[in-house]
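K.L.:
Input work-v4.tsv, format and content: TSV, C-alpha atoms.
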chain	number	residue	atom	x	y	z
A	1	MET	CA	-67.81	-0.62	-62.27
A	2	ALA	CA	-65.66	-3.77	-62.19
A	3	SER	CA	-62.52	-2.02	-63.53
A	4	GLU	CA	-62.65	0.64	-60.82
A	5	GLU	CA	-62.53	-2.01	-58.10
A	6	GLU	CA	-59.37	-3.59	-59.49
A	7	SER	CA	-57.01	-0.76	-58.56
A	8	ALA	CA	-58.91	0.69	-55.58
A	9	VAL	CA	-57.17	0.36	-52.23
A	10	LYS	CA	-59.94	-0.67	-49.86
A	11	GLU	CA	-58.39	-3.00	-47.31
A	12	PRO	CA	-54.92	-3.75	-45.91
A	13	LEU	CA	-54.33	-6.60	-48.38
A	14	ASP	CA	-54.79	-4.10	-51.20
A	15	LEU	CA	-51.83	-2.15	-49.80
A	16	ILE	CA	-49.69	-5.24	-50.14
A	17	ARG	CA	-50.89	-5.66	-53.72
A	18	LEU	CA	-49.21	-2.32	-54.49
A	19	SER	CA	-45.86	-3.90	-53.52
A	20	LEU	CA	-46.10	-6.82	-55.98
A	21	ASP	CA	-42.83	-7.17	-57.92
A	22	GLU	CA	-41.23	-4.67	-55.52
A	23	ARG	CA	-38.77	-5.24	-52.71
A	24	ILE	CA	-40.39	-5.47	-49.27
A	25	TYR	CA	-39.47	-5.95	-45.64
A	26	VAL	CA	-41.19	-8.71	-43.67
A	27	LYS	CA	-41.02	-9.08	-39.91
A	28	LEU	CA	-41.57	-12.67	-38.75
A	29	ARG	CA	-41.96	-14.41	-35.42
A	30	SER	CA	-38.86	-15.66	-33.61
A	31	ASP	CA	-36.97	-12.40	-34.21
A	32	ARG	CA	-36.56	-12.98	-37.92
A	33	GLU	CA	-36.68	-10.46	-40.73
A	34	LEU	CA	-36.75	-10.91	-44.47
A	35	ARG	CA	-36.00	-8.52	-47.31
A	36	GLY	CA	-36.86	-9.66	-50.79
A	37	LYS	CA	-38.91	-9.15	-53.93
A	38	LEU	CA	-42.58	-9.98	-53.51
A	39	HIS	CA	-43.75	-12.34	-56.23
A	40	ALA	CA	-46.97	-13.77	-54.74
A	41	TYR	CA	-49.13	-13.68	-51.63
A	42	ASP	CA	-52.57	-14.74	-50.46
A	43	GLN	CA	-55.06	-13.80	-47.75
A	44	HIS	CA	-53.14	-15.86	-45.17
A	45	LEU	CA	-50.03	-13.84	-46.00
A	46	ASN	CA	-48.33	-16.93	-47.37
A	47	MET	CA	-45.75	-15.39	-49.73
A	48	ILE	CA	-43.20	-16.19	-52.36
A	49	LEU	CA	-40.15	-13.91	-52.25
A	50	GLY	CA	-37.19	-13.69	-54.62
A	51	ASP	CA	-33.55	-12.81	-53.79
A	52	VAL	CA	-34.27	-12.96	-50.10
A	53	GLU	CA	-31.99	-11.98	-47.24
A	54	GLU	CA	-32.99	-13.44	-43.86
A	55	VAL	CA	-31.71	-11.87	-40.64
A	56	VAL	CA	-32.07	-13.84	-37.40
A	57	THR	CA	-31.38	-11.80	-34.25
A	58	THR	CA	-30.37	-13.47	-30.99
A	59	VAL	CA	-29.55	-11.92	-27.62
A	60	GLU	CA	-27.06	-13.73	-25.43
A	61	ILE	CA	-26.53	-12.71	-21.83
A	62	ASP	CA	-23.00	-13.04	-20.49
A	63	ASP	CA	-22.97	-15.12	-17.30
A	64	GLU	CA	-20.57	-12.84	-15.46
A	65	THR	CA	-21.09	-9.34	-16.74
A	66	TYR	CA	-24.82	-9.76	-17.52
A	67	GLU	CA	-24.27	-7.70	-20.64
A	68	GLU	CA	-26.52	-8.39	-23.59
A	69	ILE	CA	-24.70	-9.57	-26.69
A	70	VAL	CA	-26.84	-9.02	-29.76
A	71	ARG	CA	-25.98	-11.25	-32.71
A	72	SER	CA	-27.42	-11.18	-36.21
A	73	THR	CA	-27.17	-14.19	-38.49
A	74	ARG	CA	-27.72	-13.51	-42.17
A	75	ARG	CA	-28.26	-15.76	-45.15
A	76	THR	CA	-29.59	-15.37	-48.66
A	77	VAL	CA	-31.98	-17.66	-50.51
A	78	PRO	CA	-32.79	-17.17	-54.21
A	79	PHE	CA	-36.43	-18.21	-54.00
A	80	LEU	CA	-38.48	-18.74	-50.87
A	81	PHE	CA	-42.03	-19.68	-49.90
A	82	VAL	CA	-42.96	-18.20	-46.51
A	83	ARG	CA	-45.89	-19.59	-44.53
A	84	GLY	CA	-48.25	-16.82	-43.51
A	85	ASP	CA	-48.76	-17.84	-39.90
A	86	GLY	CA	-45.24	-16.66	-39.09
A	87	VAL	CA	-45.69	-13.20	-40.56
A	88	ILE	CA	-46.05	-10.21	-38.22
A	89	LEU	CA	-45.79	-7.27	-40.62
A	90	VAL	CA	-45.11	-6.37	-44.23
A	91	SER	CA	-43.71	-3.03	-45.35
A	92	PRO	CA	-41.68	-1.32	-48.06
A	93	PRO	CA	-37.98	-1.74	-47.17
A	94	LEU	CA	-36.79	0.41	-44.28
A	95	ARG	CA	-33.71	2.46	-44.93
A	96	THR	CA	-31.36	1.67	-42.01
A	97	ALA	CA	-29.00	4.56	-41.28
B	98	MET	CA	-55.82	-21.98	-53.59
B	99	LEU	CA	-53.03	-20.03	-55.23
B	100	PHE	CA	-50.15	-21.74	-53.46
B	101	PHE	CA	-51.86	-25.13	-53.62
B	102	SER	CA	-51.86	-24.81	-57.42
B	103	TYR	CA	-48.30	-23.51	-57.39
B	104	PHE	CA	-47.00	-26.46	-55.38
B	105	LYS	CA	-48.92	-28.92	-57.56
B	106	ASP	CA	-46.97	-27.57	-60.53
B	107	LEU	CA	-43.77	-28.05	-58.58
B	108	VAL	CA	-44.27	-31.80	-57.95
B	109	GLY	CA	-41.13	-33.72	-58.91
B	110	ARG	CA	-38.74	-30.84	-58.11
B	111	GLU	CA	-36.17	-30.75	-55.34
B	112	VAL	CA	-37.06	-28.46	-52.45
B	113	THR	CA	-35.83	-27.80	-48.94
B	114	VAL	CA	-38.54	-27.54	-46.29
B	115	GLU	CA	-37.54	-25.64	-43.16
B	116	LEU	CA	-39.74	-26.39	-40.17
B	117	LYS	CA	-40.59	-24.13	-37.26
B	118	ASN	CA	-38.35	-26.24	-35.02
B	119	ASP	CA	-35.38	-25.31	-37.27
B	120	LEU	CA	-35.15	-28.77	-38.86
B	121	ALA	CA	-34.48	-28.50	-42.60
B	122	ILE	CA	-35.35	-31.42	-44.87
B	123	ARG	CA	-34.32	-31.64	-48.49
B	124	GLY	CA	-36.27	-33.91	-50.82
B	125	THR	CA	-38.32	-34.35	-53.95
B	126	LEU	CA	-41.80	-32.91	-53.76
B	127	HIS	CA	-44.16	-35.86	-54.11
B	128	SER	CA	-47.51	-34.27	-53.36
B	129	VAL	CA	-49.32	-31.43	-51.64
B	130	ASP	CA	-52.86	-30.79	-50.45
B	131	GLN	CA	-55.17	-27.84	-49.75
B	132	TYR	CA	-53.66	-27.36	-46.29
B	133	LEU	CA	-50.21	-27.26	-47.89
B	134	ASN	CA	-49.32	-30.49	-46.12
B	135	ILE	CA	-46.29	-31.81	-48.00
B	136	LYS	CA	-45.08	-35.28	-48.86
B	137	LEU	CA	-41.39	-35.54	-49.67
B	138	GLU	CA	-39.42	-38.45	-51.14
B	139	ASN	CA	-35.70	-39.26	-51.04
B	140	THR	CA	-35.34	-37.05	-48.01
B	141	ARG	CA	-32.11	-36.04	-46.35
B	142	VAL	CA	-31.85	-33.84	-43.29
B	143	VAL	CA	-29.74	-30.78	-44.08
B	144	ASP	CA	-27.71	-30.63	-40.86
B	145	GLN	CA	-27.37	-34.36	-40.10
B	146	GLU	CA	-25.10	-33.92	-37.11
B	147	LYS	CA	-27.45	-31.54	-35.36
B	148	PHE	CA	-30.60	-33.51	-36.15
B	149	PRO	CA	-29.84	-37.23	-36.10
B	150	HIS	CA	-33.54	-38.11	-35.57
B	151	MET	CA	-34.27	-38.87	-39.19
B	152	LEU	CA	-31.09	-40.48	-40.51
B	153	SER	CA	-32.96	-43.49	-41.89
B	154	VAL	CA	-36.08	-41.68	-43.05
B	155	ARG	CA	-36.37	-41.45	-46.82
B	156	ASN	CA	-40.02	-40.45	-47.24
B	157	CYS	CA	-42.09	-38.23	-45.02
B	158	PHE	CA	-45.36	-36.40	-44.60
B	159	ILE	CA	-45.06	-32.90	-43.21
B	160	ARG	CA	-48.04	-31.13	-41.65
B	161	GLY	CA	-48.47	-27.78	-43.37
B	162	SER	CA	-48.77	-25.85	-40.12
B	163	VAL	CA	-45.24	-26.74	-38.97
B	164	VAL	CA	-43.58	-25.34	-42.08
B	165	ARG	CA	-41.72	-22.04	-41.76
B	166	TYR	CA	-40.15	-21.84	-45.25
B	167	VAL	CA	-39.89	-23.85	-48.43
B	168	GLN	CA	-36.74	-23.09	-50.41
B	169	LEU	CA	-37.66	-23.35	-54.06
B	170	PRO	CA	-35.56	-24.01	-57.16
B	171	SER	CA	-34.53	-20.71	-58.80
B	172	ASP	CA	-36.12	-21.77	-62.07
B	173	GLY	CA	-39.10	-23.13	-60.20
B	174	VAL	CA	-41.50	-20.56	-61.40
B	175	ASP	CA	-42.84	-18.31	-64.08
B	176	ILE	CA	-42.73	-15.01	-62.19
B	177	ASP	CA	-45.21	-13.26	-64.46
B	178	LEU	CA	-47.66	-16.12	-64.04
B	179	LEU	CA	-47.35	-15.78	-60.26
B	180	HIS	CA	-47.96	-12.04	-60.40
B	181	ASP	CA	-51.07	-12.44	-62.54
B	182	ALA	CA	-52.43	-15.24	-60.35
B	183	THR	CA	-51.83	-13.14	-57.24
B	184	ARG	CA	-53.66	-10.15	-58.64
B	185	ARG	CA	-56.62	-12.35	-59.51
B	186	GLU	CA	-56.61	-14.07	-56.13
B	187	ALA	CA	-56.25	-10.86	-54.14
B	188	ARG	CA	-59.15	-9.24	-55.92
B	189	GLY	CA	-61.39	-12.28	-55.33
B	190	GLY	CA	-60.72	-11.89	-51.59
Can you present the structure in this file as structure tokens?

P.N.:
Amino acid sequence: MASEEESAVKEPLDLIRLSLDERIYVKLRSDRELRGKLHAYDQHLNMILGDVEEVVTTVEIDDETYEEIVRSTRRTVPFLFVRGDGVILVSPPLRTA
Amino acid sequence: MLFFSYFKDLVGREVTVELKNDLAIRGTLHSVDQYLNIKLENTRVVDQEKFPHMLSVRNCFIRGSVVRYVQLPSDGVDIDLLHDATRREARGG
């Protein structure tokens, strides 16, 4: 009985368990996104990611033309702890066209 | 408790704590508690020009809830140990 429960996918956190040691995509608050290898997580969605790329997206509005200038700032961090209260969603990496 | 244990093992290592207000503080991990509050020693602010508030601060206590990231040393972990601990923790729910 106990062994069957180990690999059963019953709740959303079990879905994340399937991605352990795999690359994932994480959407965070403040228009931030992370892509990295999931090494650890808990019920708060605190996580440790490896080989992480962070993308911060900002939208500037030109004073005269009122056009929206979208900027993305990227950086990579070898090993990162992410606090769960900033996490919006977790997913396998999206393939951007 | 998983990350509490992990950070306890990391005491004495150099880390960079990035706060939700974009301030990044580099220092030696002195201690941590169940809320993941962090005490750092020998602290330096990463971008000193942009954040002159803490030029003379060398030790600080950081409330866990204001942390966005903690940048960890690349050799700061046994990955397999983390995976096993996570599987155990996740199952315990």

K.L.:
Sort by chain and increasing residue number a table of all residues of chain A within 7 Å of chain B, each with its closest pair of atoms and their distance in Å to one decimal, counting only C-alpha atoms, and write it as a Markdown table.

P.N.:
| residue | atom | partner | partner_atom | distance |
| --- | --- | --- | --- | --- |
| A:Glu6 | CA | B:Arg188 | CA | 6.7 |
| A:His39 | CA | B:His180 | CA | 5.9 |
| A:Ala40 | CA | B:Thr183 | CA | 5.5 |
| A:Tyr41 | CA | B:Thr183 | CA | 6.2 |
| A:Asp42 | CA | B:Ala187 | CA | 6.5 |
| A:Pro78 | CA | B:Ser171 | CA | 6.1 |
| A:Phe79 | CA | B:Leu169 | CA | 5.3 |
| A:Leu80 | CA | B:Gln168 | CA | 4.7 |
| A:Phe81 | CA | B:Val167 | CA | 4.9 |
| A:Val82 | CA | B:Tyr166 | CA | 4.8 |
| A:Arg83 | CA | B:Arg165 | CA | 5.6 |
| A:Gly86 | CA | B:Arg165 | CA | 7.0 |

K.L.:
Can I get the selected residues back with C-alpha atoms, as a PDB file, in the frame of the given file?

P.N.:
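In the end it all went to result-v5.pdb:
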ATOM      1  CA  GLU A   6     -59.370  -3.590 -59.490  1.00  0.00           C
ATOM      2  CA  HIS A  39     -43.750 -12.340 -56.230  1.00  0.00           C
ATOM      3  CA  ALA A  40     -46.970 -13.770 -54.740  1.00  0.00           C
ATOM      4  CA  TYR A  41     -49.130 -13.680 -51.630  1.00  0.00           C
ATOM      5  CA  ASP A  42     -52.570 -14.740 -50.460  1.00  0.00           C
ATOM      6  CA  PRO A  78     -32.790 -17.170 -54.210  1.00  0.00           C
ATOM      7  CA  PHE A  79     -36.430 -18.210 -54.000  1.00  0.00           C
ATOM      8  CA  LEU A  80     -38.480 -18.740 -50.870  1.00  0.00           C
ATOM      9  CA  PHE A  81     -42.030 -19.680 -49.900  1.00  0.00           C
ATOM     10  CA  VAL A  82     -42.960 -18.200 -46.510  1.00  0.00           C
ATOM     11  CA  ARG A  83     -45.890 -19.590 -44.530  1.00  0.00           C
ATOM     12  CA  GLY A  86     -45.240 -16.660 -39.090  1.00  0.00           C
TER      13      GLY A  86
END

K.L.:
Just want the 8 Å neighbourhood of Arg35 in chain A, counted on only C-alpha atoms, with same-chain residues fewer than 6 positions away dropped. Output as a list in words.

P.N.:
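The residues satisfying every condition are Arg23, Ile24, Tyr25, Val26, Val52, Glu53, Glu54 and Pro93 of chain A.
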
K.L.:
To one decimal in Å, tell me the separation between CA of Thr57 in chain A and CA of Phe148 in chain B.

P.N.:
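Between these atoms lies a distance of 21.8 Å.
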
K.L.:
What is the distance between CA of Asp51 in chain A and CA of Ser72 in chain A, in Å to one decimal?

P.N.:
18.7 Å

K.L.:
Hey, can you check how far CA of Val87 in chain A sits from CA of Lys37 in chain A?

P.N.:
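CA of Lys37 in chain A lies at a distance of 15.5 Å from CA of Val87 in chain A.
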
K.L.:
Considering all atoms listed in the file, state which residue in the set B:Asn139, B:His150, B:Gly109, B:Tyr132 is at the smallest distance from Asn46 in chain A.

P.N.:
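Smallest separation from Asn46 in chain A among the options: B:Tyr132.
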
K.L.:
Taking all atoms of range 103-117 of chain B that appear in the file, build a box with edges along x, y and z, extend it by 6 Å on every side, and state its centre and edge lengths in Å to one decimal, as lines of an AutoDock Vina configuration file.

P.N.:
center_x = -42.4
center_y = -28.6
center_z = -48.9
size_x = 25.1
size_y = 22.2
size_z = 35.3

K.L.:
Using only C-alpha atoms, which residues sit within 9 Å of range 129-131 of chain B once same-chain residues fewer than 2 positions away are excluded, as a tab-separated table (two decimals) with C-alpha atoms, keeping the file's coordinate frame?

P.N.:
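Here's the written file part27.tsv:
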chain	number	residue	atom	x	y	z
B	98	MET	CA	-55.82	-21.98	-53.59
B	100	PHE	CA	-50.15	-21.74	-53.46
B	101	PHE	CA	-51.86	-25.13	-53.62
B	102	SER	CA	-51.86	-24.81	-57.42
B	104	PHE	CA	-47.00	-26.46	-55.38
B	105	LYS	CA	-48.92	-28.92	-57.56
B	108	VAL	CA	-44.27	-31.80	-57.95
B	126	LEU	CA	-41.80	-32.91	-53.76
B	127	HIS	CA	-44.16	-35.86	-54.11
B	133	LEU	CA	-50.21	-27.26	-47.89
B	134	ASN	CA	-49.32	-30.49	-46.12
B	135	ILE	CA	-46.29	-31.81	-48.00
B	136	LYS	CA	-45.08	-35.28	-48.86
B	161	GLY	CA	-48.47	-27.78	-43.37

K.L.:
Fewer than 6 positions away in the same chain doesn't count, so skip those; otherwise give me all residues within 12 Å of Gln145 in chain B, counting only C-alpha atoms, as JSON, numbers by chain.

P.N.:
{"B": [120, 121, 122, 123, 151, 152, 153, 154]}

K.L.:
Could you please take those selected residues and save C-alpha atoms as a PDB file, keeping the file's coordinate frame?

P.N.:
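That gives us out_4.pdb:
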ATOM      1  CA  LEU B 120     -35.150 -28.770 -38.860  1.00  0.00           C
ATOM      2  CA  ALA B 121     -34.480 -28.500 -42.600  1.00  0.00           C
ATOM      3  CA  ILE B 122     -35.350 -31.420 -44.870  1.00  0.00           C
ATOM      4  CA  ARG B 123     -34.320 -31.640 -48.490  1.00  0.00           C
ATOM      5  CA  MET B 151     -34.270 -38.870 -39.190  1.00  0.00           C
ATOM      6  CA  LEU B 152     -31.090 -40.480 -40.510  1.00  0.00           C
ATOM      7  CA  SER B 153     -32.960 -43.490 -41.890  1.00  0.00           C
ATOM      8  CA  VAL B 154     -36.080 -41.680 -43.050  1.00  0.00           C
TER       9      VAL B 154
END

K.L.:
If we count only C-alpha atoms, what is near Thr58 in chain A at a cut-off of 8 Å, once residues fewer than 4 positions away on the same chain are taken out, given as a VMD selection string?

P.N.:
chain A and resid 31 70 to 72

K.L.:
Between A:Leu28, A:Leu20, A:Leu15, A:Val9, which is the closest to Ile48 in chain A once you count all atoms listed in the file?

P.N.:
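The answer is A:Leu20, which sits nearest to Ile48 in chain A.
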